[in-house]
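S.K.: Dropping in coords.pdb, with PDB, C-alpha atoms.
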MODEL        1
ATOM      1  CA  GLY V 188     -29.658  24.020  55.339
ATOM      2  CA  LEU V 189     -28.936  20.905  53.356
ATOM      3  CA  TRP V 190     -29.715  20.746  49.655
ATOM      4  CA  THR V 191     -30.138  17.267  48.252
ATOM      5  CA  ASN V 192     -30.768  16.300  44.627
ATOM      6  CA  TYR V 193     -32.391  13.043  43.582
ATOM      7  CA  ALA V 194     -32.211  11.621  40.089
ATOM      8  CA  SER V 195     -34.605   9.069  38.705
ATOM      9  CA  TRP V 196     -32.764   6.049  37.321
ATOM     10  CA  LYS V 197     -35.621   5.171  34.991
ATOM     11  CA  ARG V 198     -36.462   8.665  33.760
ATOM     12  CA  ILE V 199     -32.884   9.973  33.358
ATOM     13  CA  VAL V 200     -30.149   7.326  33.129
ATOM     14  CA  LYS V 201     -32.290   4.632  31.578
ATOM     15  CA  ALA V 202     -33.892   7.085  29.134
ATOM     16  CA  ILE V 203     -30.533   8.471  27.994
ATOM     17  CA  CYS V 204     -29.130   4.991  27.418
ATOM     18  CA  GLU V 205     -32.244   3.839  25.568
ATOM     19  CA  GLN V 206     -32.069   6.874  23.266
ATOM     20  CA  SER V 207     -28.389   6.186  22.617
ATOM     21  CA  VAL V 208     -29.143   2.541  21.846
ATOM     22  CA  VAL V 209     -31.797   3.575  19.308
ATOM     23  CA  ARG V 210     -29.323   5.901  17.543
ATOM     24  CA  VAL V 211     -26.711   3.156  17.078
ATOM     25  CA  LYS V 212     -29.074   0.222  16.569
ATOM     26  CA  ASP V 213     -28.665   0.208  12.774
ATOM     27  CA  GLN V 214     -24.895  -0.088  13.205
ATOM     28  CA  LYS V 215     -25.286  -3.193  15.415
ATOM     29  CA  ILE V 216     -23.549  -1.547  18.356
ATOM     30  CA  GLU V 217     -23.922  -2.788  21.923
ATOM     31  CA  LEU V 218     -23.980  -0.079  24.570
ATOM     32  CA  THR V 219     -23.212  -1.237  28.120
ATOM     33  CA  LEU V 220     -23.012   0.861  31.279
ATOM     34  CA  LEU V 221     -20.616  -0.320  34.009
ATOM     35  CA  ASP V 222     -20.282   0.767  37.603
ATOM     36  CA  GLN V 223     -16.986   1.493  39.381
ATOM     37  CA  GLN V 224     -16.190  -2.204  39.856
ATOM     38  CA  GLY V 225     -17.149  -3.243  36.314
ATOM     39  CA  ARG V 226     -20.611  -4.641  37.096
ATOM     40  CA  ILE V 227     -23.338  -4.262  34.474
ATOM     41  CA  LEU V 228     -25.801  -1.455  35.188
ATOM     42  CA  ILE V 229     -27.313  -1.553  31.692
ATOM     43  CA  ASP V 230     -26.793  -4.610  29.528
ATOM     44  CA  GLY V 231     -26.005  -4.021  25.863
ATOM     45  CA  ASN V 232     -27.914  -7.169  24.899
ATOM     46  CA  ASP V 233     -30.985  -6.090  26.876
ATOM     47  CA  PRO V 234     -30.883  -2.296  27.368
ATOM     48  CA  THR V 235     -34.460  -2.161  28.691
ATOM     49  CA  GLY V 236     -33.872  -4.961  31.185
ATOM     50  CA  PRO V 237     -32.778  -4.815  34.828
ATOM     51  CA  MET V 238     -29.278  -4.370  36.206
ATOM     52  CA  VAL V 239     -27.042  -7.434  36.064
ATOM     53  CA  LEU V 240     -24.948  -6.768  39.148
ATOM     54  CA  ASP V 241     -23.984 -10.414  39.526
ATOM     55  CA  VAL V 242     -21.937 -10.154  36.310
ATOM     56  CA  ASN V 243     -18.649  -8.283  36.550
ATOM     57  CA  LEU V 244     -17.014  -7.790  33.169
ATOM     58  CA  ALA V 245     -13.770  -6.577  34.740
ATOM     59  CA  THR V 246     -13.249  -9.655  36.922
ATOM     60  CA  SER V 247     -14.360 -11.883  34.038
ATOM     61  CA  GLY V 248     -11.358 -10.678  32.070
ATOM     62  CA  LEU V 249     -12.828  -8.286  29.482
ATOM     63  CA  LYS V 250      -9.816  -6.065  28.734
ATOM     64  CA  SER V 251     -11.833  -2.935  28.004
ATOM     65  CA  ALA V 252     -13.716  -3.287  31.299
ATOM     66  CA  VAL V 253     -10.501  -3.998  33.198
ATOM     67  CA  THR V 254      -8.846  -0.921  31.710
ATOM     68  CA  ALA V 255     -11.863   1.299  32.334
ATOM     69  CA  THR V 256     -12.270   0.298  35.997
ATOM     70  CA  ALA V 257      -8.535   0.465  36.665
ATOM     71  CA  HIS V 258      -8.413   3.936  35.127
ATOM     72  CA  ASN V 259     -11.415   4.944  37.212
ATOM     73  CA  ALA V 260      -9.585   3.990  40.389
ATOM     74  CA  THR V 261      -6.283   5.721  39.586
ATOM     75  CA  ALA V 262      -7.040   8.441  37.014
ATOM     76  CA  LYS V 263      -6.100  12.044  37.654
ATOM     77  CA  ASN V 264      -7.597  13.361  34.407
ATOM     78  CA  GLU V 265     -11.148  14.589  34.013
ATOM     79  CA  SER V 266     -11.923  12.036  31.293
ATOM     80  CA  ALA V 267     -10.426   9.116  29.418
ATOM     81  CA  ARG V 268     -11.231   6.791  26.531
ATOM     82  CA  ASP V 269      -9.603   3.913  24.698
ATOM     83  CA  TYR V 270     -10.427   0.760  22.740
ATOM     84  CA  THR V 271      -9.398  -2.891  22.494
ATOM     85  CA  TYR V 272      -9.795  -5.822  20.110
ATOM     86  CA  GLU V 273     -11.435  -8.768  21.870
ATOM     87  CA  THR V 274     -13.640 -11.812  21.339
ATOM     88  CA  ASN V 275     -17.109 -11.695  22.872
ATOM     89  CA  THR V 276     -17.314 -14.517  25.405
ATOM     90  CA  ARG V 277     -21.038 -15.024  24.760
ATOM     91  CA  SER V 278     -21.225 -14.802  20.956
ATOM     92  CA  HIS V 279     -17.556 -15.720  20.279
ATOM     93  CA  VAL V 280     -17.413 -12.907  17.704
ATOM     94  CA  LYS V 281     -14.355 -10.658  17.327
ATOM     95  CA  GLN V 282     -15.234  -7.143  18.406
ATOM     96  CA  ILE V 283     -13.819  -3.662  18.805
ATOM     97  CA  ASN V 284     -14.590  -2.516  22.339
ATOM     98  CA  GLY V 285     -14.408   1.171  23.100
ATOM     99  CA  TRP V 286     -14.853   2.667  26.534
ATOM    100  CA  ALA V 287     -15.212   6.179  27.938
ATOM    101  CA  TRP V 288     -15.142   7.571  31.450
ATOM    102  CA  ARG V 289     -15.627  11.019  32.982
ATOM    103  CA  LYS V 290     -14.731  12.135  36.468
ATOM    104  CA  GLU V 291     -17.473  14.759  36.568
ATOM    105  CA  SER V 292     -19.925  16.613  34.362
ATOM    106  CA  LEU V 293     -21.252  20.177  34.508
ATOM    107  CA  GLY V 294     -19.431  20.675  37.791
ATOM    108  CA  PHE V 295     -21.111  17.707  39.486
ATOM    109  CA  PRO V 296     -19.001  14.737  40.604
ATOM    110  CA  GLY V 297     -19.669  11.521  38.746
ATOM    111  CA  TYR V 298     -20.333   8.024  40.023
ATOM    112  CA  GLY V 299     -17.306   6.506  38.345
ATOM    113  CA  TRP V 300     -19.406   4.714  35.744
ATOM    114  CA  SER V 301     -17.935   3.733  32.396
ATOM    115  CA  ALA V 302     -19.675   3.503  29.047
ATOM    116  CA  LEU V 303     -18.689   0.442  27.040
ATOM    117  CA  VAL V 304     -19.427   0.346  23.303
ATOM    118  CA  ARG V 305     -18.946  -2.909  21.395
ATOM    119  CA  GLN V 306     -19.253  -3.681  17.698
ATOM    120  CA  GLU V 307     -18.243  -6.557  15.460
ATOM    121  CA  LYS V 308     -14.774  -5.960  14.066
ATOM    122  CA  SER V 309     -15.846  -6.729  10.491
ATOM    123  CA  ILE V 310     -18.680  -4.175  10.649
ATOM    124  CA  ALA V 311     -16.573  -1.522  12.365
ATOM    125  CA  LEU V 312     -13.797  -1.822   9.776
ATOM    126  CA  ASP V 313     -16.108  -2.236   6.783
ATOM    127  CA  ASP V 314     -16.009   1.466   5.845
ATOM    128  CA  LEU V 315     -12.233   1.497   6.296
ATOM    129  CA  TYR V 316     -11.810  -1.527   4.032
ATOM    130  CA  SER V 317     -14.151   0.024   1.456
ATOM    131  CA  LEU V 318     -12.106   3.237   1.498
ATOM    132  CA  PHE V 319      -8.869   1.235   1.203
ATOM    133  CA  TRP V 320     -10.081  -0.712  -1.831
ATOM    134  CA  MET V 321     -11.488   2.436  -3.427
ATOM    135  CA  GLU V 322      -8.145   4.188  -3.062
ATOM    136  CA  ALA V 323      -6.289   1.095  -4.312
ATOM    137  CA  ILE V 324      -8.501   0.802  -7.411
ATOM    138  CA  THR V 325      -8.234   4.540  -8.063
ATOM    139  CA  SER V 326      -4.439   4.345  -7.780
ATOM    140  CA  LEU V 327      -4.277   1.398 -10.187
ATOM    141  CA  ILE V 328      -6.464   3.217 -12.709
ATOM    142  CA  ALA V 329      -4.272   6.322 -12.396
ATOM    143  CA  ILE V 330      -1.094   4.248 -12.896
ATOM    144  CA  PHE V 331      -2.621   2.499 -15.923
ATOM    145  CA  CYS V 332      -3.706   5.799 -17.491
ATOM    146  CA  ALA V 333      -0.294   7.353 -16.831
ATOM    147  CA  THR V 334       1.442   4.333 -18.415
ATOM    148  CA  VAL V 335      -0.782   4.412 -21.515
ATOM    149  CA  LEU V 336      -0.323   8.168 -21.861
ATOM    150  CA  GLY V 337       3.437   7.806 -21.450
ATOM    151  CA  LEU V 338       3.625   5.101 -24.118
ATOM    152  CA  TRP V 339       1.514   7.187 -26.500
ATOM    153  CA  LEU V 340       3.663  10.270 -25.974
ATOM    154  CA  SER V 341       6.827   8.215 -26.374
ATOM    155  CA  ARG V 342       5.670   6.728 -29.651
ATOM    156  CA  SER V 343       4.395  10.055 -30.967
ATOM    157  CA  ILE V 344       7.869  11.499 -30.478
ATOM    158  CA  VAL V 345      10.183   8.540 -31.094
ATOM    159  CA  ARG V 346       8.577   7.185 -34.286
ATOM    160  CA  PRO V 347       8.883  10.467 -36.280
ATOM    161  CA  ILE V 348      12.460  10.883 -35.084
ATOM    162  CA  GLN V 349      13.263   7.334 -36.205
ATOM    163  CA  ALA V 350      11.682   8.036 -39.613
ATOM    164  CA  ILE V 351      13.877  11.122 -40.024
ATOM    165  CA  GLU V 352      16.911   9.090 -38.953
ATOM    166  CA  HIS V 353      16.222   6.407 -41.595
ATOM    167  CA  VAL V 354      15.916   9.037 -44.354
ATOM    168  CA  MET V 355      19.142  10.756 -43.299
ATOM    169  CA  ILE V 356      20.993   7.405 -43.317
ATOM    170  CA  ALA V 357      19.748   6.811 -46.871
ATOM    171  CA  VAL V 358      20.880  10.317 -47.882
ATOM    172  CA  ALA V 359      24.312   9.687 -46.345
ATOM    173  CA  GLN V 360      24.551   6.564 -48.513
ATOM    174  CA  GLY V 361      23.792   8.635 -51.641
ATOM    175  CA  ASP V 362      20.055   8.092 -52.038
ATOM    176  CA  LEU V 363      18.526  11.546 -52.506
ATOM    177  CA  THR V 364      15.113  10.228 -53.490
ATOM    178  CA  LYS V 365      14.004   9.607 -49.907
ATOM    179  CA  ARG V 366      11.679  12.033 -48.175
ATOM    180  CA  VAL V 367      10.302  12.269 -44.641
ATOM    181  CA  GLU V 368       6.550  11.920 -44.251
ATOM    182  CA  LEU V 369       5.092  14.968 -42.513
ATOM    183  CA  ILE V 370       4.020  13.244 -39.304
ATOM    184  CA  GLY V 371       4.253  14.037 -35.630
ATOM    185  CA  GLY V 372       3.641  17.194 -33.651
ATOM    186  CA  GLN V 373       4.458  20.770 -34.526
ATOM    187  CA  GLU V 374       8.153  20.630 -33.558
ATOM    188  CA  VAL V 375       8.765  17.253 -35.178
ATOM    189  CA  GLY V 376       6.791  18.392 -38.228
ATOM    190  CA  HIS V 377       9.069  21.413 -38.593
ATOM    191  CA  LEU V 378      12.118  19.149 -38.327
ATOM    192  CA  ALA V 379      10.698  16.830 -41.036
ATOM    193  CA  THR V 380       9.994  19.802 -43.331
ATOM    194  CA  ALA V 381      13.497  21.184 -42.793
ATOM    195  CA  THR V 382      14.969  17.742 -43.556
ATOM    196  CA  ASN V 383      13.015  17.500 -46.808
ATOM    197  CA  HIS V 384      14.110  21.016 -47.805
ATOM    198  CA  THR V 385      17.725  20.091 -47.079
ATOM    199  CA  ILE V 386      17.477  16.982 -49.263
ATOM    200  CA  ALA V 387      15.808  18.989 -52.040
ATOM    201  CA  ASN V 388      18.603  21.576 -51.894
ATOM    202  CA  LEU V 389      21.181  18.786 -52.050
ATOM    203  CA  CYS V 390      19.432  17.373 -55.114
ATOM    204  CA  THR V 391      19.519  20.814 -56.781
ATOM    205  CA  LEU V 392      23.167  21.282 -55.878
ATOM    206  CA  VAL V 393      24.121  17.851 -57.172
ATOM    207  CA  GLY V 394      22.184  18.497 -60.383
ATOM    208  CA  ARG V 395      23.990  21.788 -60.986
ATOM    209  CA  ILE V 396      27.336  20.150 -60.346
ATOM    210  CA  ALA V 397      26.460  17.402 -62.825
ATOM    211  CA  GLU V 398      25.432  19.987 -65.451
ATOM    212  CA  SER V 399      28.640  21.956 -64.937
ATOM    213  CA  SER V 400      30.751  18.859 -65.390
ATOM    214  CA  THR V 401      29.134  18.015 -68.743
ATOM    215  CA  THR V 402      29.457  21.484 -70.284
TER     216      THR V 402
ENDMDL
END
Spell out the structure here as structure tokens.

M.R.:
Amino acid sequence: GLWTNYASWKRIVKAICEQSVVRVKDQKIELTLLDQQGRILIDGNDPTGPMVLDVNLATSGLKSAVTATAHNATAKNESARDYTYETNTRSHVKQINGWAWRKESLGFPGYGWSALVRQEKSIALDDLYSLFWMEAITSLIAIFCATVLGLWLSRSIVRPIQAIEHVMIAVAQGDLTKRVELIGGQEVGHLATATNHTIANLCTLVGRIAESSTT
């Protein structure tokens, strides 16, 4: 016997495409269904309308349609997909055109149709641009914070060391009245305390020497 299956265009193909159009409507995406030659089975501008078989997007020069139909004629793989950047000939708007094709589905041979999805380039890349600027701003903030923190750490270390240096220069020139202010972190604070103790011991030693010389 012969087993033949019939599929309703309106209840199956048309319904699937209309549901898909509803899902992507908010993203301003055009969904077009092409036959093997590149003719319009379902128009993205009028998904509920009739077939537009007198319009062939492949022969009209739409790169995504040309690629999809050419792949359909020569492909050895079970499926394929790709995208192109093009200008819509009707709206003159720059778009990203993606297409997909399958040789068969669920073990049943396909008809060689291609699904063409088109969206304005600015809308399609909007999320990417937003992510780029977010990362750029975050990086700038991180660099700024790292620079400020580095300057603060540098000053918190260098300034106490410079203060100790100035006191030691004065001591080397014979001025034992200078003392280091107890500033800076724990390590620098210990160094300042040790410097002050050293100067105090020098003062004591010099005083004893002076007393011994007068007696």

S.K.: Around range 329-337 of chain V, fit a box with edges along x, y and z, padding it by 4 Å on each side, then list its centre and edge lengths in Å to one decimal as lines of an AutoDock Vina configuration file.

M.R.:
center_x = -0.4
center_y = 5.3
center_z = -17.1
size_x = 15.7
size_y = 13.7
size_z = 17.5

S.K.: I need the residue set behind the PyMOL selection byres ((chain V and resi 303-320) around 8) for this file; please write it as a count of residues only.

M.R.: 25

S.K.: Quick one: pull the distance between CA of Ser326 in chain V and CA of Ser343 in chain V, Å, one decimal.

M.R.: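 Atom-to-atom, CA of Ser326 in chain V to CA of Ser343 in chain V, that is 25.5 Å.
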
S.K.: Which residues fall under the PyMOL selection byres ((chain V and resi 377-379) around 9) in this file, as an NGL selection string?

M.R.: :V and (347-348 or 350-351 or 366-376 or 380-384)

S.K.: Could you write out the selected residues, including C-alpha atoms, as a PDB file, in the coordinates of the input?

M.R.:
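Output contents, as saved in part.pdb:
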ATOM      1  CA  PRO V 347       8.883  10.467 -36.280  1.00  0.00           C
ATOM      2  CA  ILE V 348      12.460  10.883 -35.084  1.00  0.00           C
ATOM      3  CA  ALA V 350      11.682   8.036 -39.613  1.00  0.00           C
ATOM      4  CA  ILE V 351      13.877  11.122 -40.024  1.00  0.00           C
ATOM      5  CA  ARG V 366      11.679  12.033 -48.175  1.00  0.00           C
ATOM      6  CA  VAL V 367      10.302  12.269 -44.641  1.00  0.00           C
ATOM      7  CA  GLU V 368       6.550  11.920 -44.251  1.00  0.00           C
ATOM      8  CA  LEU V 369       5.092  14.968 -42.513  1.00  0.00           C
ATOM      9  CA  ILE V 370       4.020  13.244 -39.304  1.00  0.00           C
ATOM     10  CA  GLY V 371       4.253  14.037 -35.630  1.00  0.00           C
ATOM     11  CA  GLY V 372       3.641  17.194 -33.651  1.00  0.00           C
ATOM     12  CA  GLN V 373       4.458  20.770 -34.526  1.00  0.00           C
ATOM     13  CA  GLU V 374       8.153  20.630 -33.558  1.00  0.00           C
ATOM     14  CA  VAL V 375       8.765  17.253 -35.178  1.00  0.00           C
ATOM     15  CA  GLY V 376       6.791  18.392 -38.228  1.00  0.00           C
ATOM     16  CA  THR V 380       9.994  19.802 -43.331  1.00  0.00           C
ATOM     17  CA  ALA V 381      13.497  21.184 -42.793  1.00  0.00           C
ATOM     18  CA  THR V 382      14.969  17.742 -43.556  1.00  0.00           C
ATOM     19  CA  ASN V 383      13.015  17.500 -46.808  1.00  0.00           C
ATOM     20  CA  HIS V 384      14.110  21.016 -47.805  1.00  0.00           C
TER      21      HIS V 384
END

S.K.: Could you tell me how far CA of Ala257 in chain V sits from CA of Arg210 in chain V, in Å to one decimal place?

M.R.: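 Pair CA of Arg210 in chain V / CA of Ala257 in chain V returns 28.8 Å.
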
S.K.: Could you check how far CA of Asp241 in chain V sits from CA of Leu228 in chain V, in Å to one decimal?

M.R.: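 For CA of Asp241 in chain V relative to CA of Leu228 in chain V, the distance reads 10.1 Å.
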
S.K.: Given the choices V:Ala333, V:Cys390, V:Leu240, V:Val200, which gets closest to Val358 in chain V if the distance is worked out from all atoms listed in the file?

M.R.: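 Nearest to Val358 in chain V: V:Cys390.
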
S.K.: Give as number ranges by chain the residues that the PyMOL selection byres ((chain V and resi 266) around 7) matches when applied to the coordinates above.

M.R.: V: 264-265, 267, 288-290

S.K.: In terms of the shortest atom-to-atom distance over all atoms listed in the file, which of V:Ile344, V:Val253, V:Val393, V:Ile229 is closest to Cys204 in chain V?

M.R.: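 Closest to Cys204 in chain V of all the choices is V:Ile229.
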
S.K.: Using only C-alpha atoms for the distances, tell me which of V:Thr235, V:Asp222, V:Lys250, V:Thr271 is nearest to Ser207 in chain V.

M.R.: V:Thr235

S.K.: Nearest residue to Ile227 in chain V out of V:Gln360, V:Thr385, V:Thr391, V:Ser247, using all atoms listed in the file?

M.R.: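 With all atoms listed in the file as the atom set, the closest residue is V:Ser247.
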
S.K.: Can you pull range 219-314 of chain V out of that block with C-alpha atoms and hand it back as a tab-separated table (two decimals), in the first residue's frame?

M.R.:
chain	number	residue	atom	x	y	z
V	219	THR	CA	10.65	35.64	6.08
V	220	LEU	CA	10.28	32.12	4.69
V	221	LEU	CA	11.92	31.39	1.32
V	222	ASP	CA	11.51	28.45	-1.01
V	223	GLN	CA	14.37	26.62	-2.75
V	224	GLN	CA	14.79	29.35	-5.38
V	225	GLY	CA	14.58	32.26	-2.93
V	226	ARG	CA	10.94	33.22	-3.57
V	227	ILE	CA	8.90	34.58	-0.66
V	228	LEU	CA	6.54	32.04	0.90
V	229	ILE	CA	5.84	34.19	3.96
V	230	ASP	CA	6.63	37.89	3.86
V	231	GLY	CA	8.25	39.40	6.93
V	232	ASN	CA	6.40	42.67	6.36
V	233	ASP	CA	3.04	40.89	6.07
V	234	PRO	CA	3.29	37.48	7.79
V	235	THR	CA	-0.48	36.89	7.60
V	236	GLY	CA	-0.65	37.75	3.91
V	237	PRO	CA	-0.39	35.51	0.85
V	238	MET	CA	2.73	34.12	-0.78
V	239	VAL	CA	4.73	36.57	-2.88
V	240	LEU	CA	6.12	34.14	-5.43
V	241	ASP	CA	6.73	36.86	-8.00
V	242	VAL	CA	9.45	38.30	-5.74
V	243	ASN	CA	12.72	36.39	-5.61
V	244	LEU	CA	15.10	37.76	-3.01
V	245	ALA	CA	17.99	35.65	-4.30
V	246	THR	CA	17.80	36.93	-7.88
V	247	SER	CA	17.21	40.46	-6.59
V	248	GLY	CA	20.65	40.36	-5.01
V	249	LEU	CA	19.97	39.94	-1.28
V	250	LYS	CA	23.21	38.31	-0.11
V	251	SER	CA	21.63	36.29	2.68
V	252	ALA	CA	19.03	34.86	0.28
V	253	VAL	CA	21.69	34.15	-2.35
V	254	THR	CA	23.84	32.33	0.20
V	255	ALA	CA	20.91	30.37	1.62
V	256	THR	CA	19.63	29.17	-1.77
V	257	ALA	CA	23.12	28.39	-3.04
V	258	HIS	CA	23.82	26.38	0.10
V	259	ASN	CA	20.50	24.59	-0.32
V	260	ALA	CA	21.51	23.47	-3.80
V	261	THR	CA	25.02	22.25	-2.92
V	262	ALA	CA	25.04	21.51	0.82
V	263	LYS	CA	26.05	18.11	2.13
V	264	ASN	CA	25.41	18.95	5.79
V	265	GLU	CA	22.13	18.41	7.58
V	266	SER	CA	21.81	22.10	8.49
V	267	ALA	CA	23.49	25.45	8.01
V	268	ARG	CA	23.20	29.05	9.18
V	269	ASP	CA	25.00	32.33	8.67
V	270	TYR	CA	24.42	36.09	8.64
V	271	THR	CA	25.23	39.17	6.56
V	272	TYR	CA	25.18	42.95	6.90
V	273	GLU	CA	22.99	44.51	4.21
V	274	THR	CA	20.76	47.48	3.41
V	275	ASN	CA	17.05	46.77	3.03
V	276	THR	CA	16.09	47.69	-0.53
V	277	ARG	CA	12.58	48.74	0.53
V	278	SER	CA	13.27	50.70	3.73
V	279	HIS	CA	16.93	51.57	2.93
V	280	VAL	CA	17.83	50.69	6.53
V	281	LYS	CA	21.04	48.83	7.42
V	282	GLN	CA	20.18	45.39	8.73
V	283	ILE	CA	21.70	42.19	10.05
V	284	ASN	CA	20.24	39.32	8.05
V	285	GLY	CA	20.50	35.84	9.47
V	286	TRP	CA	19.40	32.71	7.67
V	287	ALA	CA	18.97	29.05	8.61
V	288	TRP	CA	18.35	25.93	6.57
V	289	ARG	CA	17.77	22.26	7.40
V	290	LYS	CA	17.93	19.32	5.05
V	291	GLU	CA	15.42	17.29	7.05
V	292	SER	CA	13.66	17.18	10.39
V	293	LEU	CA	12.58	14.25	12.57
V	294	GLY	CA	13.64	11.87	9.83
V	295	PHE	CA	11.43	13.49	7.19
V	296	PRO	CA	13.03	15.16	4.16
V	297	GLY	CA	12.58	18.90	3.98
V	298	TYR	CA	11.41	21.12	1.15
V	299	GLY	CA	14.63	23.09	0.96
V	300	TRP	CA	13.05	26.18	2.49
V	301	SER	CA	15.16	28.76	4.28
V	302	ALA	CA	14.20	30.95	7.21
V	303	LEU	CA	15.40	34.53	6.87
V	304	VAL	CA	15.52	36.76	9.96
V	305	ARG	CA	16.19	40.48	9.55
V	306	GLN	CA	16.67	43.22	12.13
V	307	GLU	CA	17.95	46.77	12.07
V	308	LYS	CA	21.68	46.81	12.75
V	309	SER	CA	21.39	49.53	15.40
V	310	ILE	CA	18.77	47.54	17.34
V	311	ALA	CA	20.61	44.24	16.99
V	312	LEU	CA	23.87	45.74	18.27
V	313	ASP	CA	22.27	47.92	20.94
V	314	ASP	CA	22.82	45.39	23.74
